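Chemist: This is the structure, below, for whatever I ask next.
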Amino acid sequence: MGEQLRCEALAINKNMMYAQASTDPKLQQLYTKIADRHRGHYEILMRNAQNFAQQRQF
C-alpha cells in the first residue's frame, strides 16, 4: 500500500506543478482537477490503511 500512496502523492504533486506552470486557464483547471482526483484516491488509500491497522490491533 505504501507504493500506491507514493504514486498518488507523486501524481498530485506533478499535476499541481503543471497547473502552476501553465499559462492557459483551461489547462490550469484541468491539471487541478486531476490533482484533486488523485488526492481523493490518496485519502481513500489512507482511510483503508488506517482501518486495516485498527482491525489488526484487536
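Residue names in the C-alpha cells use chain letters A, B, ... in the order shown, residue numbers from 1 in each chain, and ligand numbers from 1 in the order shown.
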Would you list the contacts of Gly2 in chain A as a VMD selection string, taking every protein, DNA or RNA residue within 12 Å and counting only C-alpha atoms, but skipping same-chain residues closer than 6 positions in sequence?
Modeler: chain A and resid 8 to 9 42 45 to 46 48 to 49
Chemist: Of the residues A:Gln57, A:Gln50, A:Gln4, A:Asn15, which is the one nearest to Gln28 in chain A, using only C-alpha atoms?
Modeler: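 That would be A:Asn15, the residue with the smallest distance to Gln28 in chain A.
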Chemist: Have a look at CA of Leu30 in chain A and CA of Met16 in chain A and let me know their distance in Å, one decimal.
Modeler: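 Separation between CA of Leu30 in chain A and CA of Met16 in chain A: 10.0 Å.
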Chemist: Between CA of Leu5 in chain A and CA of His41 in chain A, what is the spacing in Å?
Modeler: 8.6 Å
Chemist: Between CA of Arg47 in chain A and CA of Glu3 in chain A, what is the distance in Å, rounded to a tenth?
Modeler: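 Separating CA of Arg47 in chain A from CA of Glu3 in chain A is a distance of 15.3 Å.
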Chemist: Under the rule that only C-alpha atoms are counted, which of A:Asp24, A:Gln29, A:Arg37, A:Arg56 is the nearest residue to Ala11 in chain A?
Modeler: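 With only C-alpha atoms as the atom set, the closest residue is A:Arg37.
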Chemist: Closest to Lys33 in chain A among A:Met1, A:Leu10, A:Ala19, A:Asn51, using only C-alpha atoms?
Modeler: A:Ala19
